[in-house]
$ cat run.txt   # compact mmCIF, C-alpha atoms and all ligand atoms
# COMPACT_ATOMS: atom_id res chain seq x y z
CA MET A 37 0.00 0.00 0.00
CA LYS A 38 1.36 3.40 -0.99
CA LEU A 39 -1.00 5.62 0.99
CA THR A 40 0.49 7.86 3.64
CA ILE A 41 -1.37 6.95 6.81
CA ASP A 42 -1.76 9.43 9.68
CA GLU A 43 0.98 8.77 12.27
CA ASN A 44 -1.55 8.90 15.13
CA VAL A 45 -3.67 6.23 13.47
CA LYS A 46 -0.62 3.99 12.98
CA GLY A 47 -0.07 4.01 16.74
CA ILE A 48 -3.62 2.99 17.65
CA PRO A 49 -4.18 -0.63 18.78
CA HIS A 50 -7.25 -2.48 17.51
CA TYR A 51 -10.09 -2.33 20.02
CA PRO A 52 -10.56 -5.79 21.60
CA LYS A 53 -13.97 -7.05 20.52
CA ALA A 54 -15.28 -10.25 22.04
CA ALA A 55 -18.77 -10.36 20.56
CA MET A 56 -18.09 -12.30 17.38
CA TYR A 57 -18.55 -15.87 18.54
CA GLY A 58 -22.21 -16.46 17.74
CA LEU A 59 -25.08 -16.07 20.16
CA ASP A 60 -26.68 -19.14 21.79
CA ASP A 61 -23.83 -21.52 21.26
CA GLY A 62 -22.69 -22.30 24.77
CA TRP A 63 -20.28 -19.39 25.20
CA VAL A 64 -20.09 -17.68 28.56
CA ARG A 65 -19.39 -14.05 27.75
CA LEU A 66 -17.77 -12.32 30.69
CA ALA A 67 -15.31 -10.13 28.82
CA SER A 68 -17.21 -6.95 27.91
CA ASN A 69 -19.31 -6.06 30.98
CA GLU A 70 -22.56 -6.58 29.13
CA ASN A 71 -25.89 -7.36 30.69
CA PRO A 72 -26.33 -11.13 31.03
CA PHE A 73 -30.11 -10.82 30.47
CA PRO A 74 -31.93 -9.80 27.31
CA PRO A 75 -34.21 -6.75 27.57
CA SER A 76 -37.72 -7.50 28.88
CA PRO A 77 -40.39 -8.75 26.42
CA GLY A 78 -42.09 -5.32 26.51
CA VAL A 79 -38.92 -3.55 25.37
CA LEU A 80 -38.25 -6.19 22.70
CA SER A 81 -41.75 -5.83 21.31
CA ASP A 82 -41.40 -2.03 21.11
CA ILE A 83 -38.14 -2.52 19.19
CA LEU A 84 -39.85 -4.94 16.79
CA GLU A 85 -42.63 -2.44 16.20
CA ALA A 86 -40.02 0.10 15.09
CA ILE A 87 -38.64 -2.16 12.34
CA PRO A 88 -41.03 -1.08 9.53
CA TYR A 89 -39.82 2.50 10.03
CA ILE A 90 -36.29 1.67 8.88
CA THR A 91 -37.38 2.97 5.46
CA ARG A 92 -37.02 6.48 6.85
CA TYR A 93 -34.20 8.31 8.58
CA PRO A 94 -34.72 7.92 12.32
CA GLY A 95 -37.09 10.29 14.09
CA GLY A 96 -37.80 10.34 17.81
CA GLU A 97 -34.62 11.89 19.22
CA TYR A 98 -36.57 14.64 20.92
CA GLU A 99 -38.91 12.17 22.64
CA LEU A 100 -36.00 10.17 24.04
CA LYS A 101 -34.22 13.34 25.16
CA ALA A 102 -37.42 14.51 26.87
CA ALA A 103 -37.80 11.19 28.69
CA ILE A 104 -34.16 11.31 29.88
CA ALA A 105 -34.49 14.97 30.87
CA GLU A 106 -37.55 14.20 32.96
CA LYS A 107 -35.62 11.51 34.82
CA TYR A 108 -32.80 13.94 35.66
CA GLY A 109 -34.92 17.06 36.20
CA THR A 110 -33.16 18.86 33.32
CA LYS A 111 -34.36 20.28 30.01
CA PRO A 112 -34.31 18.18 26.81
CA GLU A 113 -31.86 20.78 25.42
CA GLN A 114 -29.36 19.55 28.00
CA ILE A 115 -29.34 16.00 26.65
CA VAL A 116 -27.18 14.82 23.74
CA LEU A 117 -27.63 11.36 22.25
CA GLY A 118 -24.89 9.25 20.73
CA ASN A 119 -24.26 5.96 18.96
CA GLY A 120 -23.24 4.47 22.29
CA SER A 121 -21.41 6.67 24.78
CA ASP A 122 -18.39 5.93 22.56
CA GLU A 123 -19.75 8.47 20.08
CA LEU A 124 -20.17 11.03 22.86
CA ILE A 125 -16.51 10.55 23.82
CA GLU A 126 -15.65 11.43 20.22
CA MET A 127 -18.07 14.36 20.15
CA ALA A 128 -16.41 15.85 23.23
CA LEU A 129 -13.00 15.57 21.58
CA LYS A 130 -14.23 17.01 18.28
CA THR A 131 -15.86 19.94 20.06
CA MET A 132 -12.75 20.79 22.09
CA LYS A 133 -10.36 19.99 19.23
CA SER A 134 -6.73 20.84 19.77
CA LYS A 135 -3.28 19.51 18.99
CA ARG A 136 -1.97 20.62 22.32
CA LYS A 137 0.65 18.52 24.07
CA ASN A 138 -1.20 17.86 27.28
CA GLY A 139 -4.58 18.09 25.56
CA VAL A 140 -6.26 15.14 27.27
CA ILE A 141 -5.74 13.77 30.78
CA ILE A 142 -6.90 10.29 31.73
CA SER A 143 -6.20 7.95 34.60
CA ASP A 144 -4.06 4.91 33.88
CA PRO A 145 -5.62 2.43 33.55
CA SER A 146 -9.00 3.58 32.39
CA PHE A 147 -11.45 2.67 29.62
CA ALA A 148 -9.33 2.06 26.50
CA PHE A 149 -11.39 4.16 24.09
CA TYR A 150 -10.47 7.50 25.73
CA ALA A 151 -6.85 7.17 24.57
CA ILE A 152 -7.80 5.66 21.21
CA ALA A 153 -10.26 8.44 20.36
CA SER A 154 -7.89 11.13 21.65
CA LYS A 155 -5.18 9.87 19.30
CA ILE A 156 -7.59 9.80 16.35
CA TYR A 157 -8.32 13.48 16.93
CA GLY A 158 -4.66 14.39 17.30
CA TYR A 159 -4.48 14.98 21.05
CA GLU A 160 -1.50 14.04 23.14
CA VAL A 161 -2.61 12.11 26.18
CA CYS A 162 -1.28 12.53 29.71
CA ARG A 163 -1.80 9.39 31.82
CA VAL A 164 -2.03 9.67 35.58
CA PRO A 165 -1.49 6.42 37.55
CA LEU A 166 -4.11 5.25 40.04
CA ASP A 167 -3.43 5.66 43.74
CA LYS A 168 -2.42 2.69 45.91
CA HIS A 169 -6.08 1.68 46.42
CA MET A 170 -6.57 1.31 42.64
CA GLN A 171 -8.65 4.50 42.68
CA VAL A 172 -8.59 7.49 40.37
CA ASP A 173 -6.09 9.97 41.80
CA LEU A 174 -8.04 13.21 41.49
CA ASN A 175 -5.35 15.34 43.17
CA THR A 176 -2.62 14.24 40.79
CA ILE A 177 -4.95 14.67 37.81
CA ARG A 178 -5.67 18.23 38.93
CA ASP A 179 -1.93 18.88 39.34
CA ALA A 180 -1.32 17.57 35.79
CA ILE A 181 -3.49 20.30 34.23
CA ASP A 182 -1.60 23.01 32.38
CA ASP A 183 -2.57 25.71 29.90
CA GLN A 184 -2.61 23.11 27.11
CA THR A 185 -5.23 20.90 28.74
CA ARG A 186 -8.63 20.74 27.04
CA VAL A 187 -10.39 17.59 28.23
CA ILE A 188 -10.19 15.35 31.32
CA PHE A 189 -11.84 11.94 31.18
CA LEU A 190 -12.94 10.65 34.56
CA ASN A 191 -14.59 7.28 34.77
CA ASN A 192 -16.79 6.55 37.79
CA PRO A 193 -16.94 3.64 38.56
CA LEU A 194 -13.63 3.07 36.86
CA ASN A 195 -13.24 0.45 34.16
CA PRO A 196 -11.33 -1.85 34.85
CA THR A 197 -11.12 -1.65 38.66
CA GLY A 198 -14.76 -0.99 39.62
CA THR A 199 -13.60 1.58 42.20
CA ILE A 200 -15.25 4.97 42.64
CA PHE A 201 -14.22 8.40 43.79
CA GLU A 202 -16.56 9.97 46.31
CA GLU A 203 -18.59 13.16 46.49
CA LYS A 204 -16.26 15.09 48.77
CA ALA A 205 -13.13 14.45 46.70
CA PHE A 206 -15.03 15.25 43.50
CA THR A 207 -16.29 18.64 44.70
CA VAL A 208 -12.80 19.63 45.89
CA PHE A 209 -11.47 18.55 42.49
CA LEU A 210 -14.05 20.55 40.53
CA LYS A 211 -13.26 23.72 42.46
CA GLY A 212 -9.65 23.48 41.23
CA ILE A 213 -10.49 23.04 37.53
CA PRO A 214 -9.95 25.96 35.14
CA ALA A 215 -13.19 27.15 33.53
CA ASP A 216 -12.04 26.23 29.99
CA VAL A 217 -11.24 22.57 30.70
CA LEU A 218 -14.04 20.11 29.96
CA VAL A 219 -14.46 17.41 32.62
CA VAL A 220 -16.13 14.37 31.06
CA VAL A 221 -17.47 12.04 33.73
CA ASP A 222 -18.24 8.69 32.21
CA GLU A 223 -20.78 6.92 34.41
CA ALA A 224 -21.38 3.89 32.18
CA TYR A 225 -21.77 1.65 35.25
CA ALA A 226 -23.39 4.09 37.69
CA GLU A 227 -26.65 2.14 37.97
CA PHE A 228 -24.74 -0.72 39.63
CA VAL A 229 -23.20 1.43 42.37
CA GLU A 230 -24.21 0.52 45.92
CA SER A 231 -22.08 3.05 47.83
CA THR A 232 -24.01 6.04 49.14
CA GLY A 233 -20.97 8.28 48.65
CA PHE A 234 -21.22 8.17 44.85
CA PRO A 235 -21.33 11.67 43.30
CA HIS A 236 -23.91 11.93 40.51
CA SER A 237 -21.98 14.26 38.26
CA SER A 238 -25.12 15.48 36.45
CA ARG A 239 -25.86 17.52 39.60
CA TYR A 240 -22.80 19.65 38.86
CA ILE A 241 -23.40 20.51 35.21
CA ASN A 242 -24.75 24.00 35.85
CA ASP A 243 -21.89 25.10 38.10
CA PHE A 244 -18.88 23.44 36.50
CA PRO A 245 -17.75 22.50 32.95
CA VAL A 246 -18.98 18.93 33.41
CA LEU A 247 -20.33 16.55 30.79
CA THR A 248 -21.93 13.44 32.29
CA LEU A 249 -21.98 10.34 30.08
CA ARG A 250 -24.43 7.48 30.55
CA THR A 251 -25.26 4.48 28.42
CA PHE A 252 -28.05 2.03 27.67
CA SER A 253 -25.43 -0.67 26.99
CA LYS A 254 -24.93 -1.95 30.53
CA ALA A 255 -27.73 -1.91 33.14
CA TYR A 256 -30.34 -1.41 30.38
CA ALA A 257 -29.20 -4.41 28.31
CA LEU A 258 -29.07 -2.65 24.92
CA ALA A 259 -25.35 -2.87 24.04
CA GLY A 260 -26.12 -4.16 20.54
CA LEU A 261 -28.39 -1.22 19.71
CA ARG A 262 -25.68 1.38 20.43
CA VAL A 263 -27.19 4.26 22.35
CA GLY A 264 -25.78 6.49 25.06
CA TYR A 265 -26.38 10.03 26.23
CA GLY A 266 -24.65 13.07 27.63
CA ILE A 267 -26.04 15.55 30.15
CA CYS A 268 -24.58 19.05 30.31
CA GLU A 269 -25.28 22.72 30.18
CA ALA A 270 -27.55 23.60 27.19
CA SER A 271 -25.03 25.72 25.26
CA LEU A 272 -22.40 22.97 25.47
CA ALA A 273 -25.02 20.42 24.38
CA SER A 274 -25.73 22.53 21.34
CA PHE A 275 -22.04 22.59 20.34
CA LEU A 276 -21.60 18.84 20.94
CA GLU A 277 -24.65 18.17 18.81
CA ARG A 278 -23.05 19.95 15.82
CA THR A 279 -20.20 17.42 15.76
CA LYS A 280 -22.51 14.42 15.69
CA GLN A 281 -23.30 12.38 12.61
CA PRO A 282 -26.87 13.51 11.83
CA PHE A 283 -28.61 10.14 12.20
CA SER A 284 -26.15 8.10 14.23
CA VAL A 285 -28.76 6.72 16.64
CA ASN A 286 -31.04 4.40 14.71
CA ILE A 287 -34.79 4.11 15.08
CA MET A 288 -34.73 0.79 16.98
CA ALA A 289 -32.24 2.25 19.44
CA LEU A 290 -34.35 5.37 19.99
CA ILE A 291 -37.52 3.37 20.59
CA GLY A 292 -35.80 0.63 22.62
CA ALA A 293 -34.02 3.10 24.87
CA ARG A 294 -37.23 4.96 25.60
CA ALA A 295 -38.94 1.74 26.60
CA ALA A 296 -35.97 0.49 28.65
CA LEU A 297 -35.63 3.75 30.56
CA ASN A 298 -38.97 3.15 32.27
CA ASP A 299 -38.51 -0.59 32.74
CA GLU A 300 -37.87 -0.43 36.48
CA LYS A 301 -38.76 -4.07 37.03
CA HIS A 302 -36.10 -5.28 34.64
CA LEU A 303 -33.51 -2.93 36.11
CA LYS A 304 -34.26 -4.27 39.58
CA LYS A 305 -33.79 -7.85 38.39
CA VAL A 306 -30.47 -6.91 36.77
CA LEU A 307 -29.20 -5.13 39.89
CA ASN A 308 -30.26 -7.97 42.19
CA ASN A 309 -28.49 -10.48 40.02
CA ASN A 310 -25.37 -8.31 40.04
CA LYS A 311 -25.39 -8.07 43.82
CA LYS A 312 -25.73 -11.83 44.23
CA GLY A 313 -23.10 -12.53 41.59
CA LYS A 314 -20.69 -10.14 43.25
CA THR A 315 -21.08 -11.85 46.63
CA TYR A 316 -20.58 -15.25 45.01
CA LEU A 317 -17.47 -14.21 43.09
CA TYR A 318 -15.94 -12.53 46.15
CA SER A 319 -16.32 -15.64 48.26
CA ALA A 320 -15.13 -17.99 45.50
CA LEU A 321 -12.05 -15.86 44.80
CA LYS A 322 -11.34 -15.57 48.52
CA GLU A 323 -11.53 -19.35 48.84
CA LEU A 324 -8.95 -19.61 46.06
CA SER A 325 -6.76 -17.01 47.85
CA ILE A 326 -7.02 -14.72 44.83
CA GLU A 327 -6.70 -11.01 45.49
CA TYR A 328 -9.57 -8.96 44.00
CA VAL A 329 -10.62 -5.32 43.97
CA PRO A 330 -14.03 -4.70 45.60
CA THR A 331 -16.26 -3.37 42.84
CA GLU A 332 -19.13 -0.89 42.47
CA ALA A 333 -19.80 -2.07 38.92
CA ASN A 334 -20.74 -5.25 37.05
CA TYR A 335 -17.24 -6.70 36.83
CA VAL A 336 -14.48 -7.77 39.18
CA LEU A 337 -10.76 -7.22 38.64
CA PHE A 338 -8.57 -9.88 40.20
CA ARG A 339 -4.88 -10.66 40.32
CA ILE A 340 -3.87 -14.11 39.28
CA GLY A 341 -0.15 -13.57 38.70
CA LYS A 342 2.15 -14.24 35.78
CA GLY A 343 -0.12 -16.87 34.26
CA ALA A 344 -3.03 -14.43 33.70
CA GLU A 345 -2.77 -14.39 29.92
CA ALA A 346 -2.39 -18.18 29.68
CA ILE A 347 -5.38 -18.70 31.98
CA THR A 348 -7.50 -16.34 29.84
CA LYS A 349 -6.57 -18.46 26.79
CA ARG A 350 -7.37 -21.70 28.57
CA LEU A 351 -10.75 -20.31 29.66
CA PHE A 352 -11.39 -19.36 26.03
CA GLU A 353 -10.81 -22.99 25.08
CA GLU A 354 -13.59 -23.81 27.58
CA LYS A 355 -15.81 -21.26 25.77
CA ILE A 356 -15.51 -18.79 28.64
CA LEU A 357 -14.59 -15.24 27.67
CA VAL A 358 -12.90 -13.02 30.25
CA ARG A 359 -10.57 -10.07 29.69
CA TRP A 360 -6.84 -10.33 30.28
CA MET A 361 -5.68 -6.90 31.40
CA GLY A 362 -2.35 -6.79 29.51
CA ALA A 363 -3.64 -3.93 27.36
CA TYR A 364 -4.44 -2.01 30.54
CA ASN A 365 -0.88 -2.33 31.87
CA LEU A 366 -2.03 -4.92 34.40
CA PRO A 367 -0.54 -8.11 32.92
CA GLU A 368 -1.12 -10.14 36.09
CA HIS A 369 -4.82 -9.27 36.25
CA ILE A 370 -8.02 -10.55 34.69
CA ARG A 371 -11.34 -8.69 34.60
CA VAL A 372 -14.45 -10.84 34.74
CA SER A 373 -17.95 -9.48 34.15
CA ILE A 374 -20.62 -10.53 36.62
CA GLY A 375 -22.95 -12.79 34.66
CA ARG A 376 -25.98 -14.89 35.51
CA MET A 377 -25.33 -17.21 38.44
CA ASP A 378 -24.92 -20.26 36.17
CA GLU A 379 -22.31 -18.35 34.16
CA ASN A 380 -20.44 -17.18 37.26
CA MET A 381 -20.36 -20.75 38.51
CA ARG A 382 -19.12 -22.12 35.21
CA PHE A 383 -16.34 -19.56 35.25
CA ILE A 384 -15.32 -20.36 38.84
CA GLU A 385 -15.44 -24.12 38.26
CA ALA A 386 -13.25 -23.78 35.15
CA LEU A 387 -10.83 -21.48 36.99
CA LYS A 388 -10.55 -23.94 39.88
CA LYS A 389 -9.82 -26.75 37.45
CA LEU A 390 -7.12 -24.71 35.71
CA LEU A 391 -5.46 -23.68 38.96
CA ARG A 392 -5.36 -27.31 40.11
CA SER A 393 -3.80 -28.49 36.84
C1 LIG A 401 -16.30 3.08 30.96
C2 LIG A 401 -16.98 2.83 29.66
N1 LIG A 401 -17.45 3.87 28.97
C3 LIG A 401 -18.06 3.69 27.80
C4 LIG A 401 -18.22 2.45 27.26
C5 LIG A 401 -18.86 2.31 25.93
O1 LIG A 401 -20.22 2.23 26.08
P1 LIG A 401 -21.21 2.33 24.86
O2 LIG A 401 -21.66 0.95 24.58
O3 LIG A 401 -22.31 3.21 25.39
O4 LIG A 401 -20.50 2.95 23.72
C6 LIG A 401 -17.75 1.33 27.94
C7 LIG A 401 -17.90 -0.02 27.37
O5 LIG A 401 -17.45 -1.00 27.83
C8 LIG A 401 -17.11 1.53 29.18
O6 LIG A 401 -16.60 0.52 29.87
$ encode --input "run.txt" --output "structure tokens"
Amino acid sequence: MKLTIDENVKGIPHYPKAAMYGLDDGWVRLASNENPFPPSPGVLSDILEAIPYITRYPGGEYELKAAIAEKYGTKPEQIVLGNGSDELIEMALKTMKSKRKNGVIISDPSFAFYAIASKIYGYEVCRVPLDKHMQVDLNTIRDAIDDQTRVIFLNNPLNPTGTIFEEKAFTVFLKGIPADVLVVVDEAYAEFVESTGFPHSSRYINDFPVLTLRTFSKAYALAGLRVGYGICEASLASFLERTKQPFSVNIMALIGARAALNDEKHLKKVLNNNKKGKTYLYSALKELSIEYVPTEANYVLFRIGKGAEAITKRLFEEKILVRWMGAYNLPEHIRVSIGRMDENMRFIEALKKLLRS
């Protein structure tokens, strides 16, 4: 190939995708923090009803925004929709575009797409290590800001550790942020949080340059439809909106998300299952003397040692998908999503067998 490829693009690793191994074929998928349950029959039937409308470009964005706004006590003009929260991450970067050296600050590790998207848009990324409790180090992030900084990505709970930063630390942090730095708070897993100290960042959008990101991919079981949303001050929402592909959220996603948003019964079932699964995994890992990080999300990060990659491969051979954390600079760790109880048990049984062998 003779094309001159952008140097930033050359340095970008392929995003690890685990979804390609068929659907009901005996695989236990615990690699991507998805919902182990399908959406409820009511939500599925609403999605099916939307299918004939695929002839047209999707309508219904306003209705979904209005439903989300009502939930948060904001105006629909403060909601931005995206093709998954991934698209909102890109929209934030496009809106704040810069080639500045310290343009983006992220914690290390954190969700892989922040760095990937930042590189695509030409930002240099500053990575701030976690503190000794595997938590986002807000003080060091604040100290890393300079006059080049445009965007900070905070992830609460943090992927891959499941840890959170708390209200008090967050408010102190926000008070130290320059007015022209956008703080993106990605709360993809917020619905799973049990701690009462969790700061809902959407409460700060009128006083600080905060963009809250949420998704329908996790607790709402719609990862395959690709729909997420941002909550922010209305003028920022208007700018973000201009960088969005016009029809990036399809009609089934718009209809499905609206139905799922009000499906409290399903959400309760999902959260109960997560709680039980978490307790089970904690006690099973403890029994195996495996060190894990207590989580506020729907996954558990644990340290298995030097054999982590090999164990991930062996689990794959057993049709069990988990995520080896090599790409997150944690080569001795594995992240396992909390699945249905039968899936959690299959994972633990397979792990036990491998550790014995
Ligand atoms: C922290 C975090 N943010 C965003 C996403 C992407 O979510 P979406 O499916 O809404 O694009 C993920 C997906 O795993 C994630 O872990």
$ residues_around --input "run.txt" --residues "A:Cys268" --least-positions-apart "3" --cutoff "12 Å" --atoms "only C-alpha atoms" --output "ChimeraX atom specification"
/A:105,108,110-117,124,128,218-221,237-250,265,271-277
$ residues_near_ligand --input "run.txt" --ligand "ligand LIG 401 (chain A)" --cutoff "9 Å" --atoms "all atoms listed in the file" --output "PyMOL selection string"
chain A and resi 68-70+118-125+146-150+191-196+222-225+249-254+258-265
$ atom_distance --input "run.txt" --atom1 "atom CA of A:Leu166" --atom2 "atom CA of A:Pro145"
7.2 Å
$ closest_residue --input "run.txt" --among "A:Ser76, A:Thr315, A:Ser373, A:Gln171" --to "A:Phe338" --atoms "all atoms listed in the file"
A:Ser373
$ residues_around --input "run.txt" --residues "A:Lys133" --least-positions-apart "4" --cutoff "9 Å" --atoms "all atoms listed in the file" --output "PyMOL selection string"
chain A and resi 128-129+139+157-159+186
